[in-house]
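Colleague: Sharing my_file_7.txt here; it has compact mmCIF, C-alpha atoms.
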```txt
# COMPACT_ATOMS: atom_id res chain seq x y z
CA MET A 1 61.05 66.19 90.95
CA GLU A 2 61.75 69.83 90.03
CA ASN A 3 61.35 70.89 93.66
CA ASN A 4 63.89 68.28 94.74
CA ARG A 5 66.41 69.63 92.19
CA CYS A 6 65.85 73.16 93.45
CA ARG A 7 66.29 72.08 97.05
CA ARG A 8 69.50 70.25 96.14
CA ARG A 9 70.80 73.32 94.27
CA ARG A 10 69.97 75.58 97.21
CA GLY A 11 71.63 73.11 99.56
CA MET A 12 74.75 72.97 97.40
CA THR A 13 74.80 76.79 97.14
CA LEU A 14 74.54 77.09 100.91
CA VAL A 15 77.39 74.58 101.43
CA ALA A 16 79.52 76.40 98.84
CA ALA A 17 78.86 79.74 100.52
CA MET A 18 79.75 78.31 103.92
CA THR A 19 82.93 76.80 102.48
CA VAL A 20 83.96 80.10 100.90
CA GLY A 21 83.15 81.95 104.10
CA LEU A 22 85.18 79.56 106.25
CA ALA A 23 88.06 79.75 103.80
CA ALA A 24 88.00 83.54 103.95
CA LEU A 25 88.01 83.47 107.74
CA PHE A 26 90.89 81.00 107.71
CA LEU A 27 92.91 83.15 105.31
CA GLU A 28 92.18 86.25 107.39
CA ALA A 29 93.30 84.49 110.55
CA ALA A 30 96.40 83.15 108.81
CA ALA A 31 97.26 86.63 107.55
CA ALA A 32 96.85 88.03 111.05
CA VAL A 33 99.17 85.37 112.45
CA GLY A 34 101.71 86.07 109.70
CA GLN A 35 101.77 89.83 110.26
CA PRO A 36 103.11 90.67 113.72
CA ARG A 37 102.14 94.04 115.11
CA PHE A 38 103.82 96.29 117.63
CA GLU A 39 102.11 96.34 121.01
CA ALA A 40 102.38 100.11 121.36
CA MET A 41 104.07 103.18 119.95
CA PHE A 42 105.70 105.86 122.09
CA VAL A 43 106.57 109.10 120.32
CA PHE A 44 109.12 111.80 121.16
CA GLY A 45 109.48 114.92 119.06
CA ASP A 46 108.57 118.50 118.23
CA SER A 47 105.87 120.44 116.36
CA LEU A 48 106.14 118.20 113.30
CA ILE A 49 104.41 115.45 115.28
CA ASP A 50 102.90 117.25 118.32
CA PRO A 51 99.28 116.02 118.59
CA GLY A 52 98.31 118.81 120.98
CA ASN A 53 100.54 118.53 124.06
CA ASN A 54 101.25 122.25 123.99
CA ASN A 55 97.52 123.00 124.19
CA TYR A 56 97.81 122.30 127.90
CA LEU A 57 100.96 124.36 128.49
CA VAL A 58 99.70 127.74 129.66
CA ASP A 59 102.91 129.67 128.99
CA SER A 60 103.61 128.23 125.55
CA LEU A 61 103.54 130.43 122.46
CA ALA A 62 103.95 127.40 120.20
CA LYS A 63 100.36 126.29 119.76
CA ALA A 64 98.18 125.31 116.84
CA ASN A 65 94.85 125.03 118.61
CA TYR A 66 93.00 127.46 116.38
CA VAL A 67 91.43 127.65 112.92
CA PRO A 68 92.55 127.02 110.17
CA TYR A 69 94.88 124.34 111.61
CA GLY A 70 93.14 121.00 111.22
CA VAL A 71 90.96 122.25 108.37
CA ASP A 72 91.20 118.80 106.72
CA PHE A 73 91.04 116.78 109.93
CA GLN A 74 88.96 117.17 113.09
CA GLY A 75 89.38 120.89 113.35
CA PRO A 76 92.19 122.45 115.42
CA THR A 77 93.57 119.73 117.70
CA GLY A 78 97.00 121.23 118.25
CA ARG A 79 98.56 119.56 115.21
CA PHE A 80 100.70 121.97 113.18
CA CYS A 81 99.16 120.86 109.92
CA ASN A 82 96.06 121.09 107.79
CA GLY A 83 95.36 117.47 108.63
CA LYS A 84 97.20 114.40 109.87
CA THR A 85 100.80 114.27 110.99
CA LEU A 86 103.46 111.75 110.08
CA ILE A 87 102.68 109.84 113.28
CA ASP A 88 98.95 109.69 112.49
CA TYR A 89 99.67 108.12 109.11
CA LEU A 90 102.37 105.84 110.47
CA GLY A 91 99.91 104.72 113.12
CA GLU A 92 97.39 103.80 110.43
CA LEU A 93 99.97 101.68 108.61
CA LEU A 94 100.92 99.96 111.87
CA GLU A 95 97.24 99.54 112.81
CA PHE A 96 97.24 101.86 115.80
CA PRO A 97 94.43 104.20 116.81
CA LEU A 98 95.23 107.91 117.10
CA LEU A 99 97.67 108.11 119.99
CA PRO A 100 96.68 110.39 122.87
CA ALA A 101 98.81 113.39 123.74
CA PHE A 102 100.51 112.91 127.10
CA THR A 103 98.88 116.03 128.53
CA ASP A 104 95.38 115.06 127.37
CA PRO A 105 93.24 114.32 130.45
CA THR A 106 91.99 111.13 128.76
CA ALA A 107 95.54 109.72 128.49
CA THR A 108 95.08 107.25 131.30
CA GLY A 109 94.03 103.65 131.93
CA ARG A 110 93.31 101.55 128.86
CA ASN A 111 93.67 104.61 126.61
CA ILE A 112 97.45 104.43 126.93
CA LEU A 113 97.87 100.72 126.19
CA ARG A 114 98.52 101.30 122.48
CA GLY A 115 100.95 104.12 123.21
CA VAL A 116 101.32 107.82 123.97
CA ASN A 117 102.66 110.81 122.04
CA TYR A 118 104.93 113.10 124.09
CA ALA A 119 106.00 115.44 121.25
CA SER A 120 105.99 119.12 122.06
CA ALA A 121 106.25 122.08 119.70
CA ALA A 122 109.51 124.09 120.09
CA ALA A 123 111.18 121.17 121.90
CA GLY A 124 114.77 120.24 121.26
CA ILE A 125 117.58 118.00 122.36
CA LEU A 126 119.08 120.89 124.32
CA GLU A 127 117.24 122.22 127.34
CA GLU A 128 117.59 125.82 126.16
CA THR A 129 116.22 125.20 122.67
CA GLY A 130 112.87 126.87 122.00
CA ARG A 131 112.91 128.99 125.14
CA ASN A 132 112.00 132.00 122.96
CA LEU A 133 108.61 130.33 122.47
CA GLY A 134 107.95 129.74 126.14
CA GLU A 135 106.92 126.54 127.87
CA ARG A 136 107.53 123.23 126.11
CA PHE A 137 108.59 119.69 126.95
CA THR A 138 112.26 119.25 126.04
CA PHE A 139 113.49 115.81 125.02
CA SER A 140 114.66 115.03 128.54
CA GLN A 141 111.31 116.18 129.96
CA GLN A 142 109.49 113.99 127.46
CA ILE A 143 111.50 111.03 128.74
CA GLN A 144 110.40 111.93 132.27
CA ASN A 145 106.81 112.00 131.03
CA PHE A 146 107.34 108.52 129.59
CA GLN A 147 108.43 107.38 133.05
CA SER A 148 105.08 108.61 134.37
CA THR A 149 103.35 106.49 131.76
CA LEU A 150 105.45 103.49 132.80
CA ASN A 151 104.29 103.94 136.37
CA GLN A 152 100.70 103.68 135.15
CA LEU A 153 101.50 100.61 133.08
CA LYS A 154 103.18 98.93 136.05
CA SER A 155 99.91 99.18 137.94
CA MET A 156 98.11 97.49 135.03
CA MET A 157 100.38 94.48 134.34
CA GLY A 158 102.98 92.30 136.00
CA ALA A 159 106.73 92.77 135.63
CA GLU A 160 107.22 90.01 133.03
CA ASP A 161 104.20 91.11 131.00
CA LEU A 162 105.45 94.69 131.03
CA LYS A 163 108.92 93.57 129.91
CA SER A 164 107.42 91.65 126.98
CA TYR A 165 105.11 94.55 126.14
CA LEU A 166 107.96 97.06 126.03
CA ASN A 167 110.10 94.68 123.98
CA LYS A 168 107.35 94.63 121.34
CA SER A 169 106.70 98.36 121.43
CA LEU A 170 108.07 100.93 119.01
CA VAL A 171 109.77 104.16 120.04
CA VAL A 172 109.79 106.95 117.44
CA ILE A 173 112.19 109.86 117.94
CA SER A 174 112.07 112.93 115.72
CA MET A 175 114.25 115.52 117.40
CA GLY A 176 116.79 118.16 116.42
CA SER A 177 114.99 120.53 114.04
CA ASN A 178 114.48 123.16 116.73
CA ASP A 179 118.07 122.85 117.87
CA TYR A 180 118.81 124.55 114.57
CA ILE A 181 115.85 126.75 113.63
CA ASN A 182 115.11 127.79 117.22
CA ASN A 183 118.65 127.86 118.50
CA TYR A 184 121.76 127.67 116.28
CA LEU A 185 120.23 129.65 113.41
CA GLN A 186 118.92 132.38 115.74
CA PRO A 187 122.13 134.23 116.74
CA SER A 188 120.18 137.23 118.03
CA MET A 189 118.62 135.03 120.73
CA TYR A 190 121.11 132.20 121.29
CA THR A 191 124.89 132.09 121.70
CA SER A 192 125.37 128.56 120.34
CA SER A 193 126.58 129.69 116.90
CA TYR A 194 129.24 131.86 118.57
CA MET A 195 130.38 129.06 120.85
CA TYR A 196 130.46 126.20 118.33
CA ASN A 197 131.29 125.80 114.68
CA PRO A 198 128.79 123.55 112.81
CA THR A 199 130.83 120.39 113.29
CA ALA A 200 131.38 120.96 117.02
CA TYR A 201 127.69 121.78 117.46
CA ALA A 202 126.63 118.55 115.76
CA ASP A 203 129.09 116.62 117.95
CA MET A 204 127.71 118.23 121.09
CA LEU A 205 124.11 117.53 120.05
CA ILE A 206 124.72 113.89 119.21
CA LYS A 207 126.51 113.27 122.51
CA LEU A 208 123.47 114.41 124.45
CA TYR A 209 121.09 112.69 122.02
CA SER A 210 122.94 109.42 122.54
CA THR A 211 122.61 109.78 126.31
CA GLN A 212 118.87 110.35 125.95
CA VAL A 213 118.41 107.31 123.70
CA GLN A 214 120.33 105.21 126.21
CA ALA A 215 118.07 106.52 128.98
CA LEU A 216 115.04 105.26 127.04
CA HIS A 217 116.71 101.90 126.58
CA GLY A 218 117.31 101.79 130.32
CA LEU A 219 113.56 102.17 130.83
CA GLY A 220 112.92 98.96 128.92
CA VAL A 221 112.12 99.85 125.30
CA ARG A 222 113.98 97.91 122.62
CA LYS A 223 112.74 98.98 119.16
CA PHE A 224 113.73 102.45 117.93
CA LEU A 225 113.04 104.56 114.86
CA MET A 226 115.44 107.52 114.99
CA ALA A 227 114.48 110.08 112.36
CA ALA A 228 116.82 112.47 110.62
CA ILE A 229 116.14 116.20 110.48
CA GLY A 230 114.51 117.21 107.22
CA PRO A 231 116.02 119.69 104.72
CA LEU A 232 115.52 122.83 106.81
CA GLY A 233 117.18 124.90 104.11
CA CYS A 234 114.10 124.27 101.95
CA ILE A 235 111.38 125.42 104.35
CA PRO A 236 109.68 128.70 103.34
CA TYR A 237 110.92 130.52 106.44
CA GLN A 238 114.57 129.86 105.60
CA LEU A 239 114.05 130.61 101.90
CA GLU A 240 112.90 134.11 102.73
CA THR A 241 115.06 134.77 105.79
CA ARG A 242 118.26 133.90 103.93
CA ALA A 243 117.13 135.15 100.52
CA ALA A 244 117.66 131.89 98.67
CA PRO A 245 117.91 132.10 94.86
CA PRO A 246 114.63 131.30 93.07
CA GLY A 247 114.04 127.57 92.92
CA LYS A 248 116.95 126.81 95.26
CA CYS A 249 117.21 125.75 98.90
CA VAL A 250 119.64 127.32 101.37
CA SER A 251 122.62 125.00 100.95
CA TYR A 252 124.42 126.20 104.11
CA VAL A 253 121.47 125.25 106.32
CA ASN A 254 121.07 121.85 104.67
CA ASP A 255 124.80 121.22 104.98
CA ILE A 256 124.96 121.85 108.73
CA VAL A 257 121.82 119.77 109.29
CA GLY A 258 123.52 117.01 107.31
CA LEU A 259 126.34 116.97 109.85
CA PHE A 260 123.87 116.02 112.57
CA ASN A 261 122.03 113.49 110.40
CA SER A 262 125.21 111.63 109.50
CA ARG A 263 125.94 111.31 113.20
CA VAL A 264 122.48 109.90 113.94
CA ARG A 265 123.03 107.24 111.28
CA ALA A 266 126.44 106.45 112.74
CA LEU A 267 124.87 106.24 116.19
CA VAL A 268 122.63 103.42 114.96
CA ASP A 269 125.76 101.42 114.09
CA GLU A 270 127.47 102.43 117.32
CA LEU A 271 124.64 101.47 119.67
CA THR A 272 123.50 98.30 117.89
CA PRO A 273 126.26 96.08 119.37
CA VAL A 274 125.90 97.85 122.73
CA PHE A 275 122.14 97.22 122.79
CA ALA A 276 122.42 93.56 121.81
CA ASP A 277 118.77 93.00 122.72
CA SER A 278 117.52 95.93 120.61
CA ILE A 279 116.99 97.03 117.02
CA LEU A 280 117.63 100.61 115.97
CA VAL A 281 116.45 102.04 112.66
CA TYR A 282 117.60 105.27 111.04
CA GLY A 283 114.81 107.04 109.18
CA ASN A 284 116.32 109.30 106.54
CA ALA A 285 113.63 111.98 106.50
CA PHE A 286 116.12 114.33 104.84
CA ALA A 287 116.41 112.09 101.76
CA ALA A 288 112.69 111.34 101.60
CA PHE A 289 111.66 114.99 101.91
CA SER A 290 114.36 116.18 99.52
CA ASP A 291 113.08 113.75 96.91
CA ILE A 292 109.61 115.25 97.22
CA ILE A 293 110.97 118.77 96.76
CA ASP A 294 113.25 117.82 93.88
CA ASN A 295 110.48 115.91 92.11
CA ALA A 296 107.46 117.86 93.27
CA THR A 297 105.44 117.57 90.06
CA THR A 298 105.98 113.81 89.97
CA TYR A 299 104.33 113.63 93.38
CA GLY A 300 101.50 115.91 92.27
CA PHE A 301 102.68 119.11 93.96
CA THR A 302 102.79 122.45 92.15
CA VAL A 303 103.91 124.77 94.99
CA LYS A 304 107.01 123.98 97.01
CA ASP A 305 108.50 127.33 98.06
CA ARG A 306 105.75 128.84 100.21
CA GLY A 307 103.13 127.68 102.66
CA CYS A 308 99.47 127.16 101.91
CA CYS A 309 98.65 129.28 104.97
CA GLY A 310 100.39 132.51 105.96
CA ILE A 311 100.62 136.06 104.64
CA SER A 312 104.33 135.66 103.89
CA ARG A 313 106.99 133.00 104.05
CA GLN A 314 108.18 134.41 107.39
CA ILE A 315 104.83 134.83 109.13
CA THR A 316 103.14 131.52 109.73
CA CYS A 317 99.45 130.61 109.86
CA LEU A 318 97.63 133.16 112.03
CA PRO A 319 94.22 132.63 113.67
CA LEU A 320 91.31 132.75 111.21
CA SER A 321 93.65 132.96 108.21
CA VAL A 322 92.20 131.77 104.92
CA PRO A 323 94.41 128.97 103.55
CA CYS A 324 94.86 128.00 99.92
CA ALA A 325 91.93 126.21 98.32
CA ASP A 326 93.76 123.05 97.22
CA ARG A 327 96.06 121.90 100.00
CA SER A 328 96.97 118.72 98.09
CA LYS A 329 99.07 120.78 95.66
CA TYR A 330 101.28 122.33 98.35
CA VAL A 331 104.37 120.77 99.91
CA PHE A 332 104.21 123.12 102.90
CA TRP A 333 101.19 123.96 105.03
CA ASP A 334 102.84 126.96 106.70
CA SER A 335 106.34 128.44 106.87
CA PHE A 336 107.73 125.47 108.81
CA HIS A 337 105.50 122.42 108.49
CA PRO A 338 104.52 120.11 105.62
CA THR A 339 100.97 119.41 104.48
CA GLN A 340 99.30 116.14 105.37
CA ALA A 341 99.87 115.00 101.77
CA VAL A 342 103.63 115.12 102.39
CA ASN A 343 103.27 113.52 105.82
CA GLN A 344 101.51 110.56 104.23
CA ILE A 345 104.35 110.04 101.74
CA ILE A 346 107.00 110.23 104.47
CA ALA A 347 105.05 107.73 106.60
CA ARG A 348 104.88 105.26 103.73
CA ASN A 349 108.63 105.58 103.30
CA ALA A 350 109.22 104.83 106.98
CA TYR A 351 106.89 101.84 106.81
CA ALA A 352 108.04 100.21 103.58
CA GLY A 353 110.87 102.35 102.19
CA PRO A 354 114.16 101.16 100.67
CA PRO A 355 117.52 101.03 102.52
CA SER A 356 118.35 104.54 101.29
CA VAL A 357 115.49 105.81 103.47
CA CYS A 358 115.29 103.20 106.24
CA TYR A 359 118.54 101.74 107.52
CA PRO A 360 119.09 98.86 108.16
CA MET A 361 115.41 97.99 107.61
CA ASN A 362 111.98 99.57 107.37
CA LEU A 363 109.26 99.29 110.01
CA GLN A 364 107.35 96.62 108.12
CA GLN A 365 110.46 94.45 108.21
CA LEU A 366 111.10 95.31 111.84
CA ALA A 367 107.60 94.17 112.79
CA GLN A 368 108.32 90.76 111.28
CA LEU A 369 111.11 90.29 113.83
CA LEU A 370 108.83 90.63 116.86
```
Here is a file; write its structure as structure tokens.
Modeller:
Amino acid sequence: MENNRCRRRRGMTLVAAMTVGLAALFLEAAAAVGQPRFEAMFVFGDSLIDPGNNNYLVDSLAKANYVPYGVDFQGPTGRFCNGKTLIDYLGELLEFPLLPAFTDPTATGRNILRGVNYASAAAGILEETGRNLGERFTFSQQIQNFQSTLNQLKSMMGAEDLKSYLNKSLVVISMGSNDYINNYLQPSMYTSSYMYNPTAYADMLIKLYSTQVQALHGLGVRKFLMAAIGPLGCIPYQLETRAAPPGKCVSYVNDIVGLFNSRVRALVDELTPVFADSILVYGNAFAAFSDIIDNATTYGFTVKDRGCCGISRQITCLPLSVPCADRSKYVFWDSFHPTQAVNQIIARNAYAGPPSVCYPMNLQQLAQLL
């Protein structure tokens, strides 16, 4: 009698466990169905998000393929950071693997189906930008590299499948920083500041930028995240170069960058009715980064005016330098680039931020429209 009760209990327990397990699987499947995901992510930008493209450019001086870059990641991969970049963290939130650099020999076949990162340190919207640092892929060259990727994809899927794939892919553009710090704000090397006042320069940049975005649209992509330039007047290099007052950013630099950013936001409104089949999002990196600097202690940072790595605020992280011990307390990794802790915060803002940061929607909301 007792054995029968035990068998019945075990049988009931087994049925209950199976029921719970099936319910969990059902809920997991339902959640997956209810959470659309981008097919791929294609990235265009500069050193803030370069995953190592410049490693393969022989004549480039803009490289981060040495220790201590990557000290909190996989070692020196070419990322200008102690760890992960904004794109790495954004990829995690969007459930992408680490995207291959375009120049990486493994960026071929199935390895490119989830996307490719074309970002190149020292690159700008203008062809001349960054020439003082040697070889780099300018924005227009990065678009040409994307065309090469498309040629590979065309050999892997039919025309209709490729059209659908591109329609559900995300394009991230983070361009313009170097057009200021490695062009307009370098009058000893570039003539742009003599030829244009800040307003005219921003107008000229946005005209070319608009043409480049339209070129990408012409290649079939339909979902865009267009990032603002961050507060360049707050980076350690500018603080020291322009002798900013203690605790203050260089207002002139932030003001002229703001002229460009306002035009990028306006471009989203301008192109939205033109690209009736597309969705464009403005990512206000300036606002998100400024909030971190203004409220550093709230975010857990104690140092915001100098890099964790570098012997001064003008000389960036040199090979075999010894960085600070606690990178999580620093806003900046070197004189130009944020730490991975900051990159993670910015990525979360892009993914689920409010309208003040993501206009007219964030990427989580955009994914729901696929």
Colleague: Would you mind reading off the distance between atom CA of A:Arg348 and atom CA of A:Asn284, one decimal, in Å?
Modeller: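 Atom-to-atom, atom CA of A:Arg348 and atom CA of A:Asn284 are spaced 12.5 Å apart.
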Colleague: Which of these residues is nearest to A:Ser278, using only C-alpha atoms: A:Ser251, A:Thr297, A:Gln214, A:Gln142?
Modeller: A:Gln214
Colleague: With distances taken over only C-alpha atoms, which residue among A:Pro236, A:Pro231, A:Pro355, A:Gly134 lies nearest A:Trp333?
Modeller: A:Pro236
Colleague: Between A:Lys248, A:His217, A:Arg131, A:Arg136, which one has atoms that come closest to A:Ala119, using all atoms listed in the file?
Modeller: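 Closest residue, counting all atoms listed in the file: A:Arg136.
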Colleague: Could you tell me which of A:Asn117, A:Thr149, A:Asn132, A:Thr138 comes closest to A:Ser188 if we count only C-alpha atoms?
Modeller: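 Ranking A:Asn117, A:Thr149, A:Asn132, A:Thr138 by distance to A:Ser188, first place goes to A:Asn132.
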Colleague: Find, counting only C-alpha atoms, the residue in A:Asn53, A:Lys168, A:Phe96, A:Gly75 that gets nearest to A:Gln368.
Modeller: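 Counting only C-alpha atoms, the residue closest to A:Gln368 is A:Lys168.
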Colleague: From the options A:Ser290, A:Ser60, A:Thr298, A:Asn178, which residue's atoms come nearest to A:Val357, counting all atoms listed in the file?
Modeller: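 Looking only at the distances to A:Val357, the closest residue turns out to be A:Ser290.
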Colleague: What is the distance between atom CA of A:Ala347 and atom CA of A:Lys84, in Å to one decimal?
Modeller: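 Value for the atom CA of A:Ala347-atom CA of A:Lys84 distance: 10.8 Å.
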Colleague: Any idea what the distance is between atom CA of A:Ala202 and atom CA of A:Ala227?
Modeller: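 If I compute the distance from atom CA of A:Ala202 to atom CA of A:Ala227, I get 15.2 Å.
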Colleague: Excluding A:Ile345 and residues on its chain fewer than 4 positions from it, collect all residues at most 10 Å away from it, counting only C-alpha atoms, and give them as a count of residues only.
Modeller: 12
Colleague: Please identify all polymer residues within 10 Å of A:Phe224, counting only C-alpha atoms, omitting same-chain residues fewer than 6 positions from it, and present them as a PDB file with C-alpha atoms, keeping the file's coordinate frame.
Modeller:
```
ATOM      1  CA  MET A  41     104.070 103.180 119.950  1.00  0.00           C
ATOM      2  CA  PHE A  42     105.700 105.860 122.090  1.00  0.00           C
ATOM      3  CA  SER A 169     106.700  98.360 121.430  1.00  0.00           C
ATOM      4  CA  LEU A 170     108.070 100.930 119.010  1.00  0.00           C
ATOM      5  CA  VAL A 171     109.770 104.160 120.040  1.00  0.00           C
ATOM      6  CA  VAL A 172     109.790 106.950 117.440  1.00  0.00           C
ATOM      7  CA  ILE A 173     112.190 109.860 117.940  1.00  0.00           C
ATOM      8  CA  VAL A 213     118.410 107.310 123.700  1.00  0.00           C
ATOM      9  CA  LEU A 216     115.040 105.260 127.040  1.00  0.00           C
ATOM     10  CA  HIS A 217     116.710 101.900 126.580  1.00  0.00           C
ATOM     11  CA  VAL A 268     122.630 103.420 114.960  1.00  0.00           C
ATOM     12  CA  SER A 278     117.520  95.930 120.610  1.00  0.00           C
ATOM     13  CA  ILE A 279     116.990  97.030 117.020  1.00  0.00           C
ATOM     14  CA  LEU A 280     117.630 100.610 115.970  1.00  0.00           C
ATOM     15  CA  VAL A 281     116.450 102.040 112.660  1.00  0.00           C
ATOM     16  CA  TYR A 282     117.600 105.270 111.040  1.00  0.00           C
ATOM     17  CA  GLY A 283     114.810 107.040 109.180  1.00  0.00           C
ATOM     18  CA  LEU A 363     109.260  99.290 110.010  1.00  0.00           C
ATOM     19  CA  LEU A 366     111.100  95.310 111.840  1.00  0.00           C
TER      20      LEU A 366
END
```
Colleague: I'd like the neighbourhood of A:Tyr196 as an mmCIF file with C-alpha atoms, keeping the file's coordinate frame, where a residue qualifies if any of its atoms comes within 12 Å (using all atoms listed in the file), though same-chain residues fewer than 5 positions away should be ignored.
Modeller:
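part.cif written:
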```cif
data_model
loop_
_atom_site.group_PDB
_atom_site.id
_atom_site.type_symbol
_atom_site.label_atom_id
_atom_site.label_comp_id
_atom_site.auth_asym_id
_atom_site.auth_seq_id
_atom_site.Cartn_x
_atom_site.Cartn_y
_atom_site.Cartn_z
ATOM 1 C CA ASN A 183 118.650 127.860 118.500
ATOM 2 C CA TYR A 184 121.760 127.670 116.280
ATOM 3 C CA LEU A 185 120.230 129.650 113.410
ATOM 4 C CA PRO A 187 122.130 134.230 116.740
ATOM 5 C CA TYR A 190 121.110 132.200 121.290
ATOM 6 C CA THR A 191 124.890 132.090 121.700
ATOM 7 C CA TYR A 201 127.690 121.780 117.460
ATOM 8 C CA ALA A 202 126.630 118.550 115.760
ATOM 9 C CA ASP A 203 129.090 116.620 117.950
ATOM 10 C CA MET A 204 127.710 118.230 121.090
ATOM 11 C CA LEU A 205 124.110 117.530 120.050
ATOM 12 C CA ILE A 256 124.960 121.850 108.730
#
```
Colleague: Please output stretch 207-223 of chain A, rebuilt to include N, CA and C atoms, as a compact mmCIF listing (two decimals), in the coordinates of the input.
Modeller:
```
# COMPACT_ATOMS: atom_id res chain seq x y z
N LYS A 207 126.09 113.84 121.22
CA LYS A 207 126.51 113.27 122.51
C LYS A 207 125.35 113.26 123.49
N LEU A 208 124.62 114.35 123.56
CA LEU A 208 123.47 114.41 124.45
C LEU A 208 122.34 113.52 123.95
N TYR A 209 122.12 113.53 122.64
CA TYR A 209 121.09 112.69 122.02
C TYR A 209 121.34 111.22 122.34
N SER A 210 122.58 110.79 122.23
CA SER A 210 122.94 109.42 122.54
C SER A 210 122.62 109.07 123.99
N THR A 211 122.92 109.99 124.89
CA THR A 211 122.61 109.78 126.31
C THR A 211 121.11 109.62 126.52
N GLN A 212 120.33 110.40 125.81
CA GLN A 212 118.87 110.35 125.95
C GLN A 212 118.30 109.04 125.39
N VAL A 213 118.85 108.59 124.27
CA VAL A 213 118.41 107.31 123.70
C VAL A 213 118.75 106.18 124.66
N GLN A 214 119.93 106.24 125.25
CA GLN A 214 120.33 105.21 126.21
C GLN A 214 119.44 105.24 127.45
N ALA A 215 118.99 106.42 127.84
CA ALA A 215 118.07 106.52 128.98
C ALA A 215 116.76 105.81 128.66
N LEU A 216 116.27 105.96 127.44
CA LEU A 216 115.04 105.26 127.04
C LEU A 216 115.25 103.75 127.05
N HIS A 217 116.40 103.32 126.56
CA HIS A 217 116.71 101.90 126.58
C HIS A 217 116.73 101.38 128.02
N GLY A 218 117.27 102.18 128.92
CA GLY A 218 117.31 101.79 130.32
C GLY A 218 115.93 101.64 130.95
N LEU A 219 114.93 102.26 130.33
CA LEU A 219 113.56 102.17 130.83
C LEU A 219 112.83 100.96 130.25
N GLY A 220 113.49 100.23 129.36
CA GLY A 220 112.92 98.96 128.92
C GLY A 220 112.52 98.84 127.47
N VAL A 221 112.52 99.94 126.71
CA VAL A 221 112.12 99.85 125.30
C VAL A 221 113.28 99.32 124.47
N ARG A 222 112.95 98.62 123.38
CA ARG A 222 113.98 97.91 122.62
C ARG A 222 113.92 98.12 121.10
N LYS A 223 112.87 98.76 120.59
CA LYS A 223 112.74 98.98 119.16
C LYS A 223 112.66 100.48 118.90
```
